[in-house]
$ cat start34.cif   # mmCIF, C-alpha atoms
data_protein
loop_
_atom_site.label_atom_id
_atom_site.label_comp_id
_atom_site.auth_asym_id
_atom_site.auth_seq_id
_atom_site.Cartn_x
_atom_site.Cartn_y
_atom_site.Cartn_z
CA MET M 1 266.78 -11.51 30.75
CA ALA M 2 265.84 -11.13 27.08
CA ARG M 3 262.39 -12.61 27.81
CA VAL M 4 261.80 -10.08 30.62
CA THR M 5 262.89 -7.23 28.33
CA ASP M 6 260.52 -8.42 25.58
CA GLN M 7 257.65 -8.58 28.05
CA ILE M 8 258.29 -5.03 29.21
CA ALA M 9 258.53 -3.77 25.62
CA THR M 10 255.27 -5.44 24.61
CA ALA M 11 253.37 -4.59 27.80
CA PRO M 12 250.24 -2.57 27.06
CA HIS M 13 250.56 1.13 27.82
CA PRO M 14 247.70 3.07 29.40
CA GLY M 15 245.37 4.66 26.83
CA ARG M 16 245.40 8.36 26.12
CA ARG M 17 242.11 8.86 27.93
CA ALA M 18 243.47 7.20 31.07
CA GLU M 19 246.60 9.34 30.91
CA VAL M 20 244.54 12.52 30.52
CA PHE M 21 242.42 11.58 33.53
CA ALA M 22 245.59 10.82 35.49
CA GLY M 23 247.02 14.24 34.59
CA VAL M 24 243.82 16.03 35.61
CA GLY M 25 243.72 14.02 38.83
CA ALA M 26 247.29 15.03 39.65
CA SER M 27 246.32 18.68 39.22
CA LEU M 28 243.36 18.70 41.61
CA ALA M 29 245.23 19.45 44.85
CA ALA M 30 247.00 22.47 43.35
CA GLY M 31 243.76 23.50 41.64
CA LEU M 32 242.11 23.92 45.04
CA GLY M 33 244.51 26.79 45.62
CA LEU M 34 244.67 28.19 42.10
CA PHE M 35 240.92 28.60 41.59
CA PRO M 36 240.18 30.84 44.63
CA LEU M 37 243.36 32.83 43.99
CA GLY M 38 242.14 33.29 40.41
CA ILE M 39 238.85 34.64 41.79
CA ALA M 40 240.80 37.19 43.84
CA PHE M 41 242.72 38.12 40.69
CA GLY M 42 239.54 38.69 38.68
CA LEU M 43 238.07 40.79 41.48
CA LEU M 44 241.28 42.80 41.68
CA VAL M 45 241.29 43.51 37.94
CA VAL M 46 237.78 44.99 37.95
CA ASN M 47 238.24 46.68 41.33
CA SER M 48 241.36 48.44 39.97
CA GLY M 49 239.36 50.02 37.16
CA LEU M 50 240.69 47.82 34.35
CA SER M 51 238.45 46.25 31.70
CA TRP M 52 237.14 42.77 32.51
CA TRP M 53 238.95 41.19 29.56
CA VAL M 54 242.33 42.08 31.09
CA ALA M 55 241.93 39.12 33.48
CA PRO M 56 241.68 36.36 30.82
CA ALA M 57 244.12 38.21 28.55
CA LEU M 58 246.84 38.23 31.23
CA SER M 59 246.03 34.63 32.17
CA VAL M 60 246.73 33.59 28.59
CA ALA M 61 249.56 35.97 27.66
CA VAL M 62 251.45 35.74 30.96
CA PHE M 63 250.07 32.80 32.97
CA ALA M 64 252.10 33.40 36.12
CA GLY M 65 249.89 34.03 39.12
CA SER M 66 252.20 36.19 41.22
CA MET M 67 253.32 38.22 38.21
CA GLU M 68 249.76 38.75 37.01
CA LEU M 69 248.72 40.11 40.41
CA LEU M 70 251.76 42.38 40.36
CA LEU M 71 251.05 43.49 36.80
CA VAL M 72 247.63 44.83 37.78
CA GLY M 73 249.25 47.38 40.06
CA LEU M 74 251.92 48.20 37.49
CA LEU M 75 249.32 48.75 34.76
CA VAL M 76 247.18 50.96 36.98
CA ALA M 77 250.25 53.03 37.87
CA VAL M 78 251.12 53.36 34.14
CA THR M 79 254.57 51.93 34.80
CA PRO M 80 257.08 52.25 31.92
CA LEU M 81 257.30 49.17 29.73
CA ALA M 82 261.02 48.71 30.40
CA THR M 83 260.39 48.58 34.15
CA ILE M 84 257.56 46.06 33.67
CA ALA M 85 259.81 43.89 31.47
CA LEU M 86 262.69 43.89 33.95
CA THR M 87 260.36 43.27 36.90
CA THR M 88 258.83 40.31 35.04
CA LEU M 89 262.30 38.91 34.37
CA LEU M 90 263.31 39.16 38.02
CA VAL M 91 260.06 37.74 39.42
CA ASN M 92 259.89 34.82 36.97
CA PHE M 93 263.61 34.08 36.68
CA ARG M 94 263.19 31.11 39.01
CA HIS M 95 261.36 29.28 36.20
CA VAL M 96 264.68 28.86 34.39
CA PHE M 97 265.87 26.52 37.15
CA TYR M 98 262.64 24.51 37.08
CA ALA M 99 263.56 23.23 33.64
CA PHE M 100 266.50 21.23 35.03
CA SER M 101 264.22 18.84 36.94
CA PHE M 102 260.99 19.09 34.92
CA PRO M 103 260.19 15.98 32.78
CA LEU M 104 259.95 17.99 29.56
CA ASP M 105 261.90 15.33 27.68
CA VAL M 106 258.83 13.05 27.55
CA VAL M 107 256.99 15.55 25.32
CA ARG M 108 258.02 15.01 21.70
CA ASN M 109 255.39 16.94 19.74
CA PRO M 110 256.79 20.46 19.02
CA LEU M 111 253.51 22.26 19.74
CA ALA M 112 252.85 20.29 22.91
CA ARG M 113 256.45 20.85 23.99
CA ALA M 114 256.16 24.60 23.40
CA TYR M 115 252.99 24.71 25.48
CA SER M 116 254.61 22.68 28.26
CA VAL M 117 257.47 25.18 28.43
CA TYR M 118 255.00 28.09 28.46
CA ALA M 119 252.86 26.48 31.19
CA LEU M 120 255.78 25.57 33.47
CA ILE M 121 254.49 27.32 36.59
CA ASP M 122 255.32 26.76 40.25
CA GLU M 123 252.45 24.32 40.78
CA ALA M 124 253.33 22.21 37.73
CA TRP M 125 256.94 21.90 38.86
CA ALA M 126 255.90 21.08 42.43
CA ILE M 127 253.58 18.29 41.25
CA THR M 128 256.23 16.66 39.06
CA ASN M 129 258.93 17.17 41.68
CA ALA M 130 256.83 15.35 44.27
CA ARG M 131 256.36 12.46 41.86
CA PRO M 132 259.23 12.50 39.32
CA GLU M 133 258.44 9.10 37.76
CA GLY M 134 255.64 7.91 35.49
CA TRP M 135 255.02 11.02 33.42
CA THR M 136 253.90 10.63 29.81
CA PRO M 137 253.22 13.37 27.23
CA TRP M 138 249.44 13.16 27.65
CA ARG M 139 249.59 13.07 31.44
CA LEU M 140 252.03 15.98 31.71
CA VAL M 141 250.34 18.32 29.23
CA SER M 142 246.83 17.54 30.50
CA MET M 143 247.99 18.36 34.02
CA GLN M 144 249.29 21.72 32.84
CA VAL M 145 246.16 22.46 30.80
CA ALA M 146 244.05 21.68 33.87
CA LEU M 147 246.11 24.05 36.03
CA GLN M 148 245.68 26.88 33.54
CA SER M 149 241.96 26.11 33.27
CA TYR M 150 241.55 26.48 37.04
CA TRP M 151 243.32 29.84 36.94
CA VAL M 152 241.46 31.24 33.93
CA ALA M 153 238.09 29.99 35.24
CA GLY M 154 238.78 31.50 38.65
CA GLY M 155 239.61 34.83 37.05
CA LEU M 156 236.37 34.82 35.05
CA VAL M 157 234.37 33.96 38.16
CA GLY M 158 236.09 36.84 39.95
CA VAL M 159 235.23 39.22 37.11
CA LEU M 160 231.59 38.10 37.17
CA ALA M 161 231.45 38.45 40.96
CA ALA M 162 232.87 41.97 40.74
CA ARG M 163 230.22 42.89 38.15
CA LEU M 164 227.45 41.50 40.36
CA ILE M 165 228.73 43.22 43.50
CA ASN M 166 229.27 46.47 41.57
CA ALA M 167 231.04 48.15 44.48
CA PRO M 168 234.67 48.66 45.51
CA ILE M 169 236.10 45.86 47.63
CA GLU M 170 238.71 46.91 50.16
CA GLY M 171 241.83 44.84 50.72
CA LEU M 172 242.08 43.05 47.37
CA ASP M 173 245.39 44.77 46.65
CA PHE M 174 246.74 42.75 49.59
CA ALA M 175 246.21 39.46 47.71
CA LEU M 176 249.72 39.38 46.25
CA CYS M 177 251.28 40.34 49.57
CA ALA M 178 249.29 37.58 51.31
CA LEU M 179 250.52 35.07 48.72
CA PHE M 180 254.17 35.92 49.33
CA ILE M 181 253.68 35.93 53.10
CA THR M 182 252.34 32.38 52.83
CA LEU M 183 255.33 31.34 50.71
CA ALA M 184 257.69 32.96 53.21
CA LEU M 185 256.08 31.11 56.12
CA ASP M 186 256.45 27.85 54.20
CA ALA M 187 260.12 28.65 53.62
CA PHE M 188 260.64 29.21 57.34
CA ARG M 189 259.67 25.58 57.94
CA SER M 190 262.95 24.57 56.31
CA ARG M 191 266.03 25.86 58.14
CA LYS M 192 267.98 25.84 54.89
CA GLN M 193 265.68 28.54 53.49
CA VAL M 194 265.70 30.83 56.53
CA PRO M 195 268.76 32.80 55.27
CA SER M 196 266.97 33.46 51.96
CA VAL M 197 263.90 34.76 53.79
CA LEU M 198 266.08 37.01 55.95
CA LEU M 199 267.89 38.28 52.86
CA ALA M 200 264.54 39.11 51.26
CA GLY M 201 263.42 41.05 54.32
CA GLY M 202 266.74 42.86 54.58
CA SER M 203 266.69 43.75 50.90
CA PHE M 204 263.27 45.33 51.24
CA VAL M 205 264.29 47.34 54.32
CA VAL M 206 267.37 48.66 52.52
CA ALA M 207 265.27 49.48 49.45
CA LEU M 208 262.79 51.44 51.57
CA VAL M 209 265.67 53.55 52.89
CA LEU M 210 267.58 54.03 49.63
CA ALA M 211 264.74 54.23 47.09
CA PRO M 212 261.32 54.51 48.76
CA GLU M 213 259.62 55.49 45.49
CA SER M 214 260.71 52.28 43.75
CA ALA M 215 261.19 50.06 46.79
CA LEU M 216 259.83 46.84 45.26
CA PHE M 217 261.95 47.06 42.12
CA THR M 218 265.08 47.95 44.09
CA ALA M 219 264.42 45.18 46.61
CA LEU M 220 264.14 42.63 43.80
CA LEU M 221 267.52 43.67 42.39
CA LEU M 222 269.14 43.54 45.84
CA PHE M 223 267.57 40.19 46.65
CA VAL M 224 268.70 38.55 43.42
CA SER M 225 272.22 39.94 43.92
CA THR M 226 272.44 38.65 47.51
CA LEU M 227 271.11 35.25 46.46
CA VAL M 228 273.84 34.97 43.83
CA VAL M 229 276.49 35.90 46.42
CA ARG M 230 275.04 33.40 48.90
CA HIS M 231 275.09 30.66 46.26
CA LEU M 232 278.73 31.36 45.39
CA LEU M 233 279.77 31.37 49.06
CA THR M 234 277.88 28.14 49.76
CA ARG M 235 279.46 26.51 46.71
CA ARG M 236 282.94 27.62 47.79
CA ARG M 237 282.44 26.25 51.30
CA GLY M 238 281.27 22.96 49.84
CA ALA M 239 284.37 22.75 47.68
CA HIS M 240 286.68 23.31 50.67
CA ALA M 241 284.76 20.94 52.95
#

$ encode --input "start34.cif" --output "structure tokens"
Amino acid sequence: MARVTDQIATAPHPGRRAEVFAGVGASLAAGLGLFPLGIAFGLLVVNSGLSWWVAPALSVAVFAGSMELLLVGLLVAVTPLATIALTTLLVNFRHVFYAFSFPLDVVRNPLARAYSVYALIDEAWAITNARPEGWTPWRLVSMQVALQSYWVAGGLVGVLAARLINAPIEGLDFALCALFITLALDAFRSRKQVPSVLLAGGSFVVALVLAPESALFTALLLFVSTLVVRHLLTRRRGAHA
């Protein structure tokens, strides 16, 4: 047993270059979706009348695809800062739960660890959740850097395309809605998530009736509240089962 342990301890580890390539390779599938969505984001920024640099600035300062698309509309509407802050908290609150199953513990360097926390997006969590074993600091961080590179590059391509087209493009404001519709359809494939989808739809309908001028914000508050209630009820049923 001691001999086997010694062999494992002295076994050669993959080099940093191999780990970086492995991280980039793991990011490719998600990158195929991030890059074109980034293009739509860049087009939306310019088409909304904002300066071109807003696209890369948001992609660095925020780096959350759905929230960035939502922020464009909020910025154009000159939404109060407090409303933007609370909306951001509600939309991105799910990231808190990602940390419980994300292999952040492998990253020891403080700067790299801070970046890994900052770049913990849906795609990064999904990749590590699909393959929870074998992550090293270089592989994990390089995967996250690659994901952000796809998004930033897509946004810049979108900005350039908007400059070349130099004409309004109809329907780009539907990009965020289309993204969430796709996520909702994916959720419907799992019966366990159907109640959450129905709660989301119900929350939005109620918000349209009670507060049509701030329907999205009100719907977010209602949805989060109903999700908390659903979680507590499910937990209580599990305890009595």

$ resolve_selection --input "start34.cif" --expression "the PyMOL selection byres ((chain M and resi 143-148) around 8)" --output "ChimeraX atom specification"
/M:20,23-27,30-31,34,59,63,116,119-120,123-124,139-142,149-152

$ residues_around --input "start34.cif" --residues "Met67 in chain M" --least-positions-apart "5" --cutoff "12 Å" --atoms "all atoms listed in the file" --output "PyMOL selection string"
chain M and resi 41+58-59+61-62+72-75+84-93+121-122+175-177+179-180

$ atom_distance --input "start34.cif" --atom1 "CA of Ala77 in chain M" --atom2 "CA of Ser48 in chain M"
10.2 Å

$ axis_aligned_box --input "start34.cif" --around "range 210-223 of chain M" --padding-each-side "8 Å" --output "AutoDock Vina command-line options"
--center_x 264.4 --center_y 47.8 --center_z 45.9 --size_x 25.5 --size_y 31.3 --size_z 23.5

$ residues_around --input "start34.cif" --residues "Val206 in chain M" --least-positions-apart "6" --cutoff "10 Å" --atoms "all atoms listed in the file" --output "PyMOL selection string"
chain M and resi 212+215+218-219+222

$ closest_residue --input "start34.cif" --among "M:Leu232, M:Leu227, M:Leu111, M:Leu37" --to "Ala64 in chain M" --atoms "only C-alpha atoms"
M:Leu37

$ resolve_selection --input "start34.cif" --expression "the PyMOL selection byres ((chain M and resi 38) around 9)" --output "ChimeraX atom specification"
/M:33-37,39-43,65,150-158

$ resolve_selection --input "start34.cif" --expression "the PyMOL selection byres ((chain M and resi 102-109) around 7)" --output "number ranges by chain"
M: 98-101, 110-113, 125, 128, 136-137

$ atom_distance --input "start34.cif" --atom1 "CA of Glu68 in chain M" --atom2 "CA of Val54 in chain M"
10.1 Å

$ atom_distance --input "start34.cif" --atom1 "CA of Ser203 in chain M" --atom2 "CA of Ser66 in chain M"
19.0 Å

$ closest_residue --input "start34.cif" --among "M:Gly202, M:Leu210, M:Trp135, M:Val60" --to "Ala22 in chain M" --atoms "all atoms listed in the file"
M:Trp135

$ closest_residue --input "start34.cif" --among "M:Val228, M:Thr83, M:Trp138, M:Val194" --to "Gly15 in chain M" --atoms "all atoms listed in the file"
M:Trp138

$ closest_residue --input "start34.cif" --among "M:Leu199, M:Leu44, M:Arg94, M:Ala18" --to "Ala167 in chain M" --atoms "all atoms listed in the file"
M:Leu44

$ closest_residue --input "start34.cif" --among "M:Thr234, M:Pro195, M:Ala126, M:Leu70" --to "Leu216 in chain M" --atoms "only C-alpha atoms"
M:Leu70
